[in-house]
Structures are given as structure tokens and as C-alpha cells.
Amino acid sequence: MQLQICTAIAALFISFIGILLLVINTEDIKGQAQLMYGIVLDAGSSHTSMFIYKWPADKQNGTGIVSQHSECHVKGGGISSYAGNRGGAASSLEECMEKAMQEIPKSRHKLTPVYLGATAGMRLLNISKPKESDEVLKEVAEKLKTYPFSFKGATILSGQEEGAYGWVTVNYLLEKFITYGFVGQWLSPGKDTAGALDLGGASTQITFETKQTVENKDNLMQLRLYGRDYQIYTQSFLCYGRDQVLLRLLALLIKIQGSDRSIVHPCYPAGYSDSVKLSSVFDTPCIKRQTPYKPDDVLQIKGTGNYDQCLGNVSRLFSFNNCSYSRCSFDGVFQPNITGNFMAFSAFFYTHSFLEKAAGTTITSPADLEDAICVVCNMSFQEMQNKFPDEENHLRDYCADSILLQVLLINGYGFNDLSFPHISFREKAEDTSVGWSLGYMLSLSNLLPAENVLVRKTLLPDAWRAAVFLFSVLLIASIFFLLRTYQKNATKLCC
Ligand SMILES: Nc1ncnc2c1ncn2[C@@H]1O[C@H](COP(=O)(O)OP(=O)(O)OP(=O)(O)O)[C@@H](O)[C@H]1O
């Protein structure tokens, strides 16, 4: 009997504390109604997207608290296409900004920061035509200043920043920086972080936490987040984005086959033919054509869809010799051994999901990857069109894209049978697009504290109701039991 009374008292105590904590959490639920917003314009080489983020007004420091509210894609391509009102992209930018005006409550407009970050497309323009790149940024900044939001500037991110912000986004969304308990206030040290693999149109980034010595200090970033120090390895390869690799591949084939008029392309599907102006191939700082050419000359291209030949040619765009460090990925760039889990996004995701769809299997090893790529590269253009009518715009390039993915991940970064399964190919996490932009806004808006903070994760209303119900039942049951025990004892005493 004594044990039962003790248990009932403990249950009474636990349910009382539980209800007390849940009442504190009620404030969190109310707080959700009061939201803050932030806008990031991601001006890439192939596209510009606007992301609106939101978070409860009464808290902003916990990981996973800021989430994506909505996104809008600016029609017309990368940032350079909407300067000077070209290609209708300027009006599309206006449409996106109008959408932001509608979606964000008026009372929040002035408090909403707007950031514009341009990536590798602008880094390239800045190399080839620095004046034009300055003008583009100035013009877009002027446009953004006309809105009632708090415009915070338009800048070109360095490759290192793009990699690091992508890593921050991944780990923020995976809630790796902080550990919540149900009680919530007492934090255990951060968990193992995940690496970030980003394949853009003009550059590609690899970023991960490492305990090994980073032999080239250009690859090193030290971050202090939530009271913990992180040593990050990050490397951005300019001209290794998907679009630039496709152009470099064309230039290589022109050189090898010795013709500016017609070439065969082992990465284009059999049955595909096309003609392009030479200017569209060579007008990029990623290609240094040694001999003169006529920009208006037209090049005929015929696809042959040959996996081995495509792999051979794509591999020639990488240099796997001449490493002056203990270990390199490619092009003489230092890279420590990869460790832990990785999230691969952007064109890594698009390509991987097409491969799985085309091969009809999940890809869990480098061998599966090779098999799936062979399936894609062996498909004729007609076959592809019949099977994937919705993907028309990308069908020509999937064989080359897949081989780029393979060479980068396996031959370049060194993923193998053991580490490959640790890559998760994702477009979104927690309904938020994975890319550098969330990490950028969090960092620039001081939403990522360097030191530990007390954070209580908001309970979802359903979970909150269920917990209140369970604790109430426990409370009533323990009171009932104690009363009955008291009554019985009182009766015994009377008699
Ligand atoms: N559904 C799709 N299937 C295949 N490829 C796609 C798809 N959508 C976009 N892409 C391509 O994926 C590549 C990467 O796109 P992303 O928008 O991430 O690059 P970006 O931000 O413009 O590039 P960068 O960061 O290098 O400036 C681009 O070449 C784009 O054309």
C-alpha cells in the first residue's frame, strides 16, 4: 500500500509539472499568430528565385524555427537577364515582389528585410565584364528600394560564402545545431552535422565539418554557433556548374574533332540533332579558345548516346594529377576525407531523381549509379520523349548531367560503397528549399547566435492538446486514488 501511495504522489507531481509546462507552451501557440518575415532573392546563373521566410515574432533563435513561407520564380533566367528590362524578366521580378507585398501583412512591411545575393553567374560576369555586373546589381537594387520593405543590399557571394551558407541551411533545417528536450530549456551539445553538396549552373560547392587538418587555409571556415565551434571545409569550383560543364564539353568536342561546322556528341541521345551559334559556346570566361573563330558560324551537333565515350570526355574536363597536398579532390584542390552524412541539392537532386525514375530503381551505391546512368545514356531521344514528355527541356542533357554527377561525387570527392549511401538527395527539407539563401538570411539577420541560448521548441497544437489530455487523466487518476486511500484509512481508524 505504501508503494502505491508513493506512486500516486509521484504521478500527481509529474502531471502537475507537466500541465504547468504546457501552460507555458500555450504562449508559444499564441505566439505563432505573430509572425516576422524575411525575403531573399537568389540570383543564380540560370534562374532567380524569391524566397519568403517566416518565424514566430516572440522567438527567433532556435534551429528549425524559421521556415519557408513561399517562393516565386522570376521568369527569364539569371540576374543579368533582367537588367535594362530585358526579356520580360524585370516585370516578372515585379510580379514576385507584388506577391511578397500581398503575402506579408502590411504592418510587417517595414520590418521585413530584403537581401539579394548573386552567385556564380555574376561571379563570371564580374570576371568578364565587371562594369556590366556592377550596373546590373545597381539597377536591381534601385528597383528593390522602391518597395516598402527594408532593403539590405545586393551583393555577389564568394564561392566560399555560397558553400558555407548552404551548409548552415542544411544543418539548421535538420536541427543539428541544438538539441531540444521536451522540457526544452536545457540543451545538450550539438549533434554531428551533415555536409552540403550543391550543383549549380555555373559552380559547384562541397562543404562539411572535419576534424582533420585543413591544409589550405582558403578552404577553412571557423564558425561558432549556439556555443559550439565548428571547423568547416568548403570548396567552390567555378566553371564546374552544370551549364558551364555542358559548354566546356562542347568546346572540348569541337577541339578534339577539329571542326567548327559539325560534331558528334556522345553525351547527347541518339536521334537528337541541333545547331548552335559558336558565340553561344565560347562566350564564357570558363573557356579559353586558343584559335580565332567566327561567332556567327553555326555548329551542327548529332547525338550518339555512348556512355563510355561520354564518361571519357567529361573526365577530361577534370584534372586528377598534380596534387601538392596529402590528398586532393581534383584540379590540385586539397580535400580531407569525407565523413558523415551529406545532403545533395540543386542539380544533384534533379539529376538523381531523373536517374531513379528512368532506371526504375533506387540508387544506393556507386554501382547502382553507373547502371542507372547507362540506362539513361543508352536511351534514344525518341524513347526519352515518349517516356518523359514533361521533361522535354532537360532530356538532351541528362546523360551528361548524370556523368558529371558521377565524376564529381565518385572520382572527385571520393564517395565510395561505404559513404555513398550517406548522401541524401533532396530538394526540400521541412518544406523549405535547400540552398544557400536561408543560411544567408539567418546569418545576416542575426538569427544565428554564437552563444548558447535558452530555446523552447513550440509544440504543435495537436500534440499540445494530446499532452494536456494525458496529464489531466493522470492528475485526476492520482487524486482519485489518493482520496480513496485516505477514505479507506479514515474508515479503518473510526472502526
Ligand atoms: N528540373 C530540372 N531538371 C534538370 N536540371 C534542372 C532542373 N531545374 C533546373 N535545372 C538545372 O540545374 C542547374 C542548377 O540550378 P540552380 O538553380 O541551382 O543553379 P543556379 O543557382 O542558377 O547556379 P549558380 O549557383 O551556379 O549560379 C541549372 O543548370 C538548371 O538549368
# chains A, B, ... in the order shown; residues from 1 in each chain; ligands from 1

$ residues_around --residues "range 284-300 of chain A" --least-positions-apart "2" --cutoff "10 Å" --atoms "only C-alpha atoms" --output "ChimeraX atom specification"
/A:124-125,127-129,202,238-240,244-245,247-249,251-252,254-255,259-264,273-282,302

$ write_last_selection --atoms "C-alpha atoms" --output "PDB file, in the first residue's frame"
ATOM      1  CA  LEU A 124      31.633  35.001 -64.001  1.00  0.00           C
ATOM      2  CA  LEU A 125      30.114  38.243 -65.347  1.00  0.00           C
ATOM      3  CA  ILE A 127      35.321  38.459 -64.282  1.00  0.00           C
ATOM      4  CA  SER A 128      34.462  39.032 -67.939  1.00  0.00           C
ATOM      5  CA  LYS A 129      32.511  42.336 -67.753  1.00  0.00           C
ATOM      6  CA  ALA A 202      27.975  27.811 -63.063  1.00  0.00           C
ATOM      7  CA  LEU A 238      33.798  27.835 -60.572  1.00  0.00           C
ATOM      8  CA  CYS A 239      33.054  26.587 -64.124  1.00  0.00           C
ATOM      9  CA  TYR A 240      32.025  23.160 -62.765  1.00  0.00           C
ATOM     10  CA  GLN A 244      29.302  25.602 -67.770  1.00  0.00           C
ATOM     11  CA  VAL A 245      30.368  21.947 -67.896  1.00  0.00           C
ATOM     12  CA  LEU A 247      29.599  24.323 -72.681  1.00  0.00           C
ATOM     13  CA  ARG A 248      33.124  23.195 -71.829  1.00  0.00           C
ATOM     14  CA  LEU A 249      32.237  19.743 -73.078  1.00  0.00           C
ATOM     15  CA  ALA A 251      34.265  23.205 -76.710  1.00  0.00           C
ATOM     16  CA  LEU A 252      36.326  20.084 -75.986  1.00  0.00           C
ATOM     17  CA  ILE A 254      34.960  20.865 -81.176  1.00  0.00           C
ATOM     18  CA  LYS A 255      38.683  20.854 -80.376  1.00  0.00           C
ATOM     19  CA  SER A 259      35.578  21.193 -86.731  1.00  0.00           C
ATOM     20  CA  ASP A 260      33.619  24.386 -86.134  1.00  0.00           C
ATOM     21  CA  ARG A 261      30.920  23.127 -88.508  1.00  0.00           C
ATOM     22  CA  SER A 262      29.727  19.749 -87.268  1.00  0.00           C
ATOM     23  CA  ILE A 263      30.472  17.360 -84.444  1.00  0.00           C
ATOM     24  CA  VAL A 264      29.096  14.149 -82.964  1.00  0.00           C
ATOM     25  CA  SER A 273      20.374  16.838 -83.536  1.00  0.00           C
ATOM     26  CA  ASP A 274      20.752  20.534 -83.028  1.00  0.00           C
ATOM     27  CA  SER A 275      22.546  23.583 -84.358  1.00  0.00           C
ATOM     28  CA  VAL A 276      24.039  26.375 -82.249  1.00  0.00           C
ATOM     29  CA  LYS A 277      25.968  29.582 -82.909  1.00  0.00           C
ATOM     30  CA  LEU A 278      29.639  29.376 -81.921  1.00  0.00           C
ATOM     31  CA  SER A 279      29.216  32.548 -79.868  1.00  0.00           C
ATOM     32  CA  SER A 280      26.806  30.705 -77.552  1.00  0.00           C
ATOM     33  CA  VAL A 281      29.508  28.113 -76.864  1.00  0.00           C
ATOM     34  CA  PHE A 282      32.572  30.290 -76.437  1.00  0.00           C
ATOM     35  CA  LYS A 302      24.455  14.977 -83.663  1.00  0.00           C
TER      36      LYS A 302
END

$ select_by_dssp --residues "range 373-449 of chain A" --states "strand (DSSP E)" --output "VMD selection string"
chain A and resid 423 to 425 428 to 429 432 to 433

$ residues_near_ligand --ligand "ligand 1" --cutoff "9 Å" --atoms "only C-alpha atoms and all ligand atoms" --output "count of residues only"
50

$ select_by_dssp --residues "range 122-151 of chain A" --states "helix (DSSP H, G or I)" --output "VMD selection string"
chain A and resid 122 to 128 130 to 145

$ closest_residue --among "A:Val333, A:Ala141, A:Ile476, A:Ala367" --to "Thr234 in chain A" --atoms "only C-alpha atoms"
A:Val333

$ residues_around --residues "Thr485 in chain A" --least-positions-apart "6" --cutoff "12 Å" --atoms "only C-alpha atoms" --output "tab-separated table (two decimals) with N, CA and C atoms, in the first residue's frame"
chain	number	residue	atom	x	y	z
A	1	MET	N	0.84	-1.21	0.00
A	1	MET	CA	0.00	0.00	0.00
A	1	MET	C	0.87	1.26	0.00
A	2	GLN	N	1.95	1.18	0.80
A	2	GLN	CA	2.84	2.33	0.88
A	2	GLN	C	3.42	2.70	-0.49
A	4	GLN	N	2.11	2.03	-3.43
A	4	GLN	CA	1.07	2.59	-4.31
A	4	GLN	C	0.83	4.07	-4.00
A	5	ILE	N	0.89	4.40	-2.70
A	5	ILE	CA	0.69	5.81	-2.32
A	5	ILE	C	1.83	6.66	-2.87
A	6	CYS	N	3.06	6.13	-2.72
A	6	CYS	CA	4.22	6.87	-3.24
A	6	CYS	C	4.07	7.07	-4.74
A	8	ALA	N	1.34	7.14	-6.52
A	8	ALA	CA	0.27	8.10	-6.81
A	8	ALA	C	0.74	9.53	-6.57
A	9	ILE	N	1.54	9.72	-5.49
A	9	ILE	CA	2.05	11.07	-5.21
A	9	ILE	C	3.00	11.52	-6.33
A	478	SER	N	-4.60	10.10	-10.16
A	478	SER	CA	-3.80	10.05	-8.93
A	478	SER	C	-4.54	10.71	-7.76
A	479	ILE	N	-5.30	11.81	-8.04
A	479	ILE	CA	-6.07	12.45	-6.95
A	479	ILE	C	-7.13	11.47	-6.45
A	491	THR	N	-11.76	5.28	7.46
A	491	THR	CA	-12.78	4.34	7.90
A	491	THR	C	-12.21	3.35	8.90
A	492	LYS	N	-10.96	2.82	8.54
A	492	LYS	CA	-10.31	1.84	9.42
A	492	LYS	C	-10.10	2.43	10.81

$ closest_residue --among "A:Ile410, A:Ala270, A:Val468, A:Ile65" --to "Leu174 in chain A" --atoms "only C-alpha atoms"
A:Ile65

$ residues_around --residues "Gln335 in chain A" --least-positions-apart "4" --cutoff "12 Å" --atoms "only C-alpha atoms" --output "PyMOL selection string"
chain A and resi 206-210+212-220+232-236+323-331+339+412-414

$ write_last_selection --atoms "N, CA and C atoms" --output "short mmCIF file (atom, residue, chain, number, x, y, z; two decimals), in the first residue's frame"
data_model
loop_
_atom_site.label_atom_id
_atom_site.label_comp_id
_atom_site.auth_asym_id
_atom_site.auth_seq_id
_atom_site.Cartn_x
_atom_site.Cartn_y
_atom_site.Cartn_z
N ILE A 206 31.23 21.98 -52.24
CA ILE A 206 31.22 20.90 -51.24
C ILE A 206 31.65 21.51 -49.91
N THR A 207 30.88 21.24 -48.86
CA THR A 207 31.16 21.84 -47.55
C THR A 207 30.83 20.81 -46.47
N PHE A 208 31.75 20.58 -45.57
CA PHE A 208 31.47 19.66 -44.46
C PHE A 208 32.38 19.94 -43.27
N GLU A 209 31.91 19.48 -42.11
CA GLU A 209 32.69 19.65 -40.88
C GLU A 209 33.78 18.59 -40.88
N THR A 210 34.98 18.97 -40.49
CA THR A 210 36.05 17.99 -40.45
C THR A 210 36.92 18.19 -39.21
N GLN A 212 39.97 16.79 -39.37
CA GLN A 212 41.32 16.72 -39.95
C GLN A 212 41.88 18.13 -40.16
N THR A 213 43.20 18.19 -40.32
CA THR A 213 43.84 19.49 -40.59
C THR A 213 43.44 19.94 -41.99
N VAL A 214 43.01 21.19 -42.08
CA VAL A 214 42.70 21.74 -43.40
C VAL A 214 43.98 22.38 -43.92
N GLU A 215 44.61 21.70 -44.90
CA GLU A 215 45.96 22.08 -45.33
C GLU A 215 46.00 23.39 -46.11
N ASN A 216 44.91 23.75 -46.75
CA ASN A 216 44.86 25.04 -47.45
C ASN A 216 43.88 25.94 -46.71
N LYS A 217 44.41 27.03 -46.16
CA LYS A 217 43.56 27.88 -45.30
C LYS A 217 42.40 28.53 -46.07
N ASP A 218 42.51 28.57 -47.41
CA ASP A 218 41.39 29.13 -48.21
C ASP A 218 40.14 28.25 -48.08
N ASN A 219 40.35 27.00 -47.70
CA ASN A 219 39.22 26.07 -47.58
C ASN A 219 38.64 26.01 -46.17
N LEU A 220 39.23 26.81 -45.29
CA LEU A 220 38.86 26.68 -43.87
C LEU A 220 37.89 27.77 -43.44
N ILE A 232 34.98 24.01 -40.52
CA ILE A 232 34.32 23.63 -41.77
C ILE A 232 35.31 23.64 -42.92
N TYR A 233 35.25 22.59 -43.73
CA TYR A 233 35.98 22.59 -45.00
C TYR A 233 35.00 23.01 -46.09
N THR A 234 35.36 23.99 -46.91
CA THR A 234 34.46 24.35 -48.01
C THR A 234 35.27 24.65 -49.27
N GLN A 235 34.75 24.20 -50.39
CA GLN A 235 35.40 24.47 -51.68
C GLN A 235 34.34 24.69 -52.74
N SER A 236 34.51 25.76 -53.50
CA SER A 236 33.62 26.03 -54.62
C SER A 236 34.43 25.92 -55.90
N CYS A 323 48.83 16.94 -57.31
CA CYS A 323 48.29 17.35 -56.01
C CYS A 323 49.48 17.68 -55.11
N SER A 324 49.52 18.91 -54.61
CA SER A 324 50.65 19.28 -53.74
C SER A 324 50.31 19.12 -52.26
N TYR A 325 49.13 18.56 -51.96
CA TYR A 325 48.71 18.31 -50.57
C TYR A 325 48.71 16.80 -50.31
N SER A 326 48.35 16.43 -49.09
CA SER A 326 48.33 14.99 -48.79
C SER A 326 47.20 14.30 -49.55
N ARG A 327 46.18 15.06 -49.92
CA ARG A 327 45.04 14.47 -50.64
C ARG A 327 44.30 15.57 -51.39
N CYS A 328 43.90 15.30 -52.61
CA CYS A 328 43.15 16.30 -53.40
C CYS A 328 41.86 15.70 -53.93
N SER A 329 40.90 16.56 -54.22
CA SER A 329 39.71 16.10 -54.94
C SER A 329 40.06 16.10 -56.42
N PHE A 330 40.19 17.28 -57.03
CA PHE A 330 40.66 17.39 -58.42
C PHE A 330 41.18 18.81 -58.64
N ASP A 331 41.83 18.99 -59.77
CA ASP A 331 42.43 20.29 -60.13
C ASP A 331 43.39 20.80 -59.05
N THR A 339 33.48 12.67 -44.41
CA THR A 339 32.95 11.91 -43.27
C THR A 339 31.51 12.30 -43.02
N GLY A 412 35.88 12.55 -58.01
CA GLY A 412 36.36 13.81 -57.46
C GLY A 412 36.38 13.80 -55.94
N TYR A 413 35.21 13.81 -55.34
CA TYR A 413 35.14 13.94 -53.88
C TYR A 413 35.50 12.64 -53.15
N GLY A 414 35.42 11.51 -53.86
CA GLY A 414 35.85 10.25 -53.26
C GLY A 414 34.77 9.48 -52.52
#

$ residues_around --residues "Arg396 in chain A" --least-positions-apart "4" --cutoff "9 Å" --atoms "only C-alpha atoms" --output "number ranges by chain"
A: 267-269, 272, 303, 381, 384, 392, 400

$ write_last_selection --atoms "C-alpha atoms" --output "PDB file, in the first residue's frame"
ATOM      1  CA  CYS A 267      26.504  12.586 -74.318  1.00  0.00           C
ATOM      2  CA  TYR A 268      23.509  13.704 -76.380  1.00  0.00           C
ATOM      3  CA  PRO A 269      20.958  10.959 -77.017  1.00  0.00           C
ATOM      4  CA  TYR A 272      18.979  14.124 -81.299  1.00  0.00           C
ATOM      5  CA  GLY A 303      23.909  12.860 -80.570  1.00  0.00           C
ATOM      6  CA  PHE A 381      15.858  10.824 -77.840  1.00  0.00           C
ATOM      7  CA  MET A 384      13.062   9.689 -73.771  1.00  0.00           C
ATOM      8  CA  GLU A 392      11.384  17.956 -72.647  1.00  0.00           C
ATOM      9  CA  ALA A 400      25.963  14.445 -69.476  1.00  0.00           C
TER      10      ALA A 400
END
